[in-house]
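Containing mmCIF, C-alpha atoms and all ligand atoms: run_10.cif.
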```cif
data_model
loop_
_atom_site.label_atom_id
_atom_site.label_comp_id
_atom_site.auth_asym_id
_atom_site.auth_seq_id
_atom_site.Cartn_x
_atom_site.Cartn_y
_atom_site.Cartn_z
CA MET A 23 12.52 -51.70 -80.52
CA LYS A 24 10.50 -52.73 -77.45
CA LEU A 25 7.14 -51.83 -75.98
CA ILE A 26 7.02 -51.65 -72.19
CA LEU A 27 3.64 -51.98 -70.47
CA ALA A 28 3.95 -51.00 -66.82
CA ILE A 29 0.98 -51.22 -64.45
CA VAL A 30 1.54 -48.97 -61.44
CA SER A 31 -0.65 -47.56 -58.70
CA ASN A 32 -2.37 -44.26 -59.39
CA ASP A 33 -0.39 -42.70 -56.52
CA ASP A 34 2.94 -43.45 -58.21
CA SER A 35 1.96 -42.82 -61.83
CA SER A 36 2.87 -39.12 -61.93
CA SER A 37 6.30 -39.51 -60.40
CA VAL A 38 7.06 -42.53 -62.64
CA SER A 39 6.07 -40.72 -65.85
CA THR A 40 7.85 -37.50 -64.80
CA ALA A 41 11.06 -39.42 -64.07
CA LEU A 42 10.80 -41.25 -67.42
CA ASN A 43 10.15 -38.01 -69.33
CA LYS A 44 13.22 -36.42 -67.67
CA GLU A 45 15.37 -39.14 -69.24
CA ASN A 46 13.71 -38.65 -72.63
CA TYR A 47 11.37 -41.64 -72.63
CA GLN A 48 8.02 -41.06 -74.30
CA VAL A 49 5.10 -42.25 -72.20
CA THR A 50 1.36 -42.73 -72.72
CA ARG A 51 -0.77 -43.12 -69.62
CA LEU A 52 -3.94 -45.21 -69.62
CA ALA A 53 -6.43 -45.17 -66.76
CA THR A 54 -6.98 -48.88 -66.04
CA THR A 55 -8.69 -51.07 -63.45
CA GLY A 56 -7.28 -54.16 -61.75
CA GLY A 57 -9.36 -57.24 -62.47
CA PHE A 58 -9.03 -58.62 -58.95
CA LEU A 59 -9.44 -55.64 -56.61
CA ARG A 60 -11.46 -53.61 -59.17
CA ALA A 61 -9.44 -50.58 -58.06
CA GLY A 62 -8.05 -47.96 -60.41
CA ASN A 63 -4.43 -48.22 -61.50
CA THR A 64 -2.40 -46.70 -64.34
CA THR A 65 -0.89 -48.52 -67.28
CA LEU A 66 2.07 -46.75 -68.86
CA ILE A 67 2.93 -47.49 -72.50
CA ILE A 68 6.56 -46.79 -73.34
CA GLY A 69 8.05 -47.40 -76.77
CA THR A 70 11.84 -47.37 -76.66
CA GLU A 71 15.07 -48.73 -78.09
CA ASP A 72 16.22 -52.15 -76.83
CA LYS A 73 19.26 -50.68 -75.07
CA LYS A 74 17.09 -48.28 -73.05
CA VAL A 75 14.75 -50.94 -71.57
CA LYS A 76 16.92 -51.78 -68.54
CA ARG A 77 17.15 -48.14 -67.46
CA ALA A 78 13.39 -47.64 -67.92
CA ILE A 79 12.71 -50.61 -65.61
CA GLU A 80 15.13 -49.18 -63.03
CA ILE A 81 13.31 -45.83 -63.10
CA ILE A 82 9.87 -47.45 -62.81
CA GLY A 83 11.12 -49.60 -59.92
CA SER A 84 12.66 -46.72 -58.01
CA GLU A 85 9.56 -44.53 -58.31
CA SER A 86 7.03 -47.25 -57.46
CA LYS A 87 8.65 -49.27 -54.69
CA ARG A 88 6.38 -51.55 -52.68
CA ARG A 89 5.91 -50.05 -49.24
CA THR A 90 3.64 -50.36 -46.26
CA GLU A 91 1.35 -47.55 -45.22
CA ILE A 92 -0.71 -47.18 -42.09
CA VAL A 93 -4.36 -46.37 -42.83
CA PRO A 94 -7.24 -45.92 -40.41
CA SER A 95 -9.78 -48.73 -40.26
CA THR A 96 -13.03 -49.03 -38.38
CA ALA A 97 -14.56 -52.15 -36.83
CA ALA A 98 -18.00 -52.56 -35.28
CA TYR A 99 -17.74 -54.63 -32.12
CA ASP A 100 -21.17 -54.11 -30.66
CA ILE A 101 -24.47 -52.67 -31.83
CA GLY A 102 -23.80 -49.00 -32.42
CA ARG A 103 -20.24 -49.16 -31.06
CA PHE A 104 -17.24 -48.76 -33.35
CA ALA A 105 -13.48 -48.78 -32.80
CA SER A 106 -11.02 -47.05 -35.07
CA PHE A 107 -7.56 -48.60 -35.32
CA PRO A 108 -4.66 -48.28 -37.77
CA VAL A 109 -3.88 -51.17 -40.14
CA GLU A 110 -0.82 -51.75 -42.31
CA VAL A 111 -1.46 -52.09 -46.04
CA GLN A 112 0.94 -52.80 -48.92
CA VAL A 113 0.92 -50.14 -51.65
CA GLY A 114 2.97 -49.45 -54.75
CA GLY A 115 4.95 -51.87 -56.86
CA ALA A 116 4.81 -52.34 -60.62
CA THR A 117 3.87 -55.15 -63.01
CA ILE A 118 5.93 -54.84 -66.17
CA PHE A 119 5.67 -56.57 -69.57
CA VAL A 120 8.32 -56.04 -72.27
CA LEU A 121 7.20 -56.87 -75.83
CA ASN A 122 9.05 -56.93 -79.13
CA VAL A 123 7.82 -54.32 -81.61
CA GLU A 124 7.72 -55.59 -85.18
CA GLU A 125 7.03 -52.26 -86.82
CA PHE A 126 6.76 -48.67 -85.61
CA TYR A 127 5.43 -45.68 -87.52
CA LYS A 128 4.87 -42.03 -86.65
CA LEU A 129 2.88 -40.45 -89.45
P1 LIG B 1 -0.13 -57.18 -58.13
O1 LIG B 1 0.28 -58.58 -58.49
O2 LIG B 1 0.95 -56.21 -57.78
O3 LIG B 1 -0.92 -56.61 -59.42
C1 LIG B 1 -1.31 -55.25 -59.48
C2 LIG B 1 -2.16 -55.03 -60.73
O4 LIG B 1 -1.34 -55.31 -61.89
C3 LIG B 1 -3.35 -55.97 -60.87
O5 LIG B 1 -4.47 -55.43 -60.17
C4 LIG B 1 -3.58 -55.99 -62.38
O6 LIG B 1 -4.24 -54.80 -62.80
C5 LIG B 1 -2.15 -55.93 -62.91
N1 LIG B 1 -1.58 -57.27 -63.18
C6 LIG B 1 -0.81 -58.00 -62.34
N2 LIG B 1 -0.43 -59.13 -62.92
C7 LIG B 1 -0.99 -59.13 -64.16
C8 LIG B 1 -0.96 -60.05 -65.25
N3 LIG B 1 -0.28 -61.23 -65.21
N4 LIG B 1 -1.64 -59.73 -66.38
C9 LIG B 1 -2.33 -58.57 -66.46
N5 LIG B 1 -2.38 -57.64 -65.46
C10 LIG B 1 -1.73 -57.93 -64.32
P2 LIG B 1 -5.51 -56.45 -59.53
O7 LIG B 1 -5.91 -57.50 -60.50
O8 LIG B 1 -6.61 -55.62 -58.94
O9 LIG B 1 -4.69 -57.16 -58.35
C11 LIG B 1 -4.29 -56.45 -57.19
C12 LIG B 1 -3.47 -57.35 -56.27
O10 LIG B 1 -4.32 -58.41 -55.79
C13 LIG B 1 -2.31 -58.04 -56.97
O11 LIG B 1 -1.18 -57.18 -56.92
C14 LIG B 1 -2.13 -59.29 -56.16
O12 LIG B 1 -1.37 -59.04 -54.99
C15 LIG B 1 -3.55 -59.62 -55.73
N6 LIG B 1 -4.20 -60.59 -56.63
C16 LIG B 1 -4.51 -60.45 -57.93
N7 LIG B 1 -5.13 -61.54 -58.42
C17 LIG B 1 -5.22 -62.41 -57.41
C18 LIG B 1 -5.77 -63.73 -57.25
N8 LIG B 1 -6.36 -64.36 -58.30
N9 LIG B 1 -5.67 -64.32 -56.03
C19 LIG B 1 -5.09 -63.69 -55.00
N10 LIG B 1 -4.56 -62.43 -55.06
C20 LIG B 1 -4.61 -61.81 -56.24
#
```

Here is a file; write its structure as structure tokens.
Amino acid sequence: MKLILAIVSNDDSSSVSTALNKENYQVTRLATTGGFLRAGNTTLIIGTEDKKVKRAIEIIGSESKRRTEIVPSTAAYDIGRFASFPVEVQVGGATIFVLNVEEFYKL
């Protein structure tokens, strides 16, 4: 048995866990915070059989693809004068760890 820890963006976490649930994976969601950006993300804990790990990673990857989004940004270029312009930012993606599970109990 394996334990998958998948860190995904908050925006993707619902669609990732819904897609996993649909294929009978059991998922626990933890609200977590990235150490670098200090922004909220979601860590999914998935306990599953070895042979189901590959498919779980495919599902996580397809529901949390890295993509660029255009967001508004504001810059001050003179005292009291601001310009608003769109900037491209990278969102999504997943960081995944797969660990061996020595023992597993449901009591
Ligand atoms: P990613 O590498 O896609 O990582 C997204 C989030 O996944 C991280 O959020 C962190 O919560 C988790 N994560 C990634 N690798 C990990 C690992 N080896 N162990 C434990 N957790 C891990 P943040 O820490 O807020 O990082 C957000 C993004 O900032 C990262 O995206 C990366 O592009 C960049 N970044 C992180 N640390 C950096 C550093 N020391 N220097 C430059 N850029 C960094």

Item to check | Protein and nucleic acid residues within 6 Å of ligand LIG 1 (chain B) (all atoms listed in the file) as an MDAnalysis selection string | outcome: chainID A and resid 29 55:61 115 117

Item to check | Distance criterion (only C-alpha atoms): nearest to Gly62 (chain A) out of A:Val30, A:Val49, A:Val113, A:Val38 | outcome: A:Val30

Item to check | Interatomic distance (Å, one decimal) between CA of Asp72 (chain A) and CA of Asn122 (chain A) | outcome: 8.9 Å

Item to check | Shortest interatomic distance to Ser84 (chain A) - which of A:Asp34, A:Glu71, A:Glu124, A:Glu45, counting all atoms listed in the file | outcome: A:Asp34

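Using only C-alpha atoms, the protein and nucleic acid residues lying at most 12 Å from the point (12.3, -38.7, -66.2) are Ser35, Ser36, Ser37, Val38, Ser39, Thr40, Ala41, Leu42, Asn43, Lys44, Glu45, Asn46, Tyr47, Gln48, Val49, Arg77, Ala78, Ile79, Glu80, Ile81, Ile82, Ser84 and Glu85 of chain A.
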
Item to check | Two-atom distance - CA of Arg88 (chain A), CA of Ala105 (chain A) (Å) | outcome: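 These two atoms are separated by 28.2 Å.
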
Checklist entry - So which residues touch region 91-101 of chain A within 8 Å, counting all atoms listed in the file, skipping near sequence neighbours fewer than 2 positions away, as a list in words? => result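 My list of contacting residues is Arg89, Arg103, Phe104, Ala105, Ser106, Phe107, Pro108, Val109, Glu110, Val111, Gln112 and Val113 of chain A.
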
Checklist entry - Hey, which of A:Gly102, A:Gly83, A:Leu66, A:Phe126 ends up closest to Thr54 (chain A)? Count all atoms listed in the file. => result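 Using all atoms listed in the file, Thr54 (chain A) sits closest to A:Leu66.
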
Checklist outcome for this item: Between A:Asn32, A:Thr70, A:Thr50, A:Thr65, smallest distance to Leu121 (chain A) by only C-alpha atoms belongs to A:Thr70

Checklist entry - Which residue gives the smallest distance to Ile26 (chain A) among A:Val120, A:Thr64, A:Lys74, A:Lys87, with all atoms listed in the file counted? => result A:Val120

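Our summary of the geometry notes that CA of Val123 (chain A) is positioned 5.2 Å from CA of Lys24 (chain A).
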
Checklist entry - Using all atoms listed in the file, which of A:Ala28, A:Ile68, A:Ala53, A:Val75 sits nearest Ile118 (chain A)? => result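 Closest to Ile118 (chain A), using all atoms listed in the file: A:Ala28.
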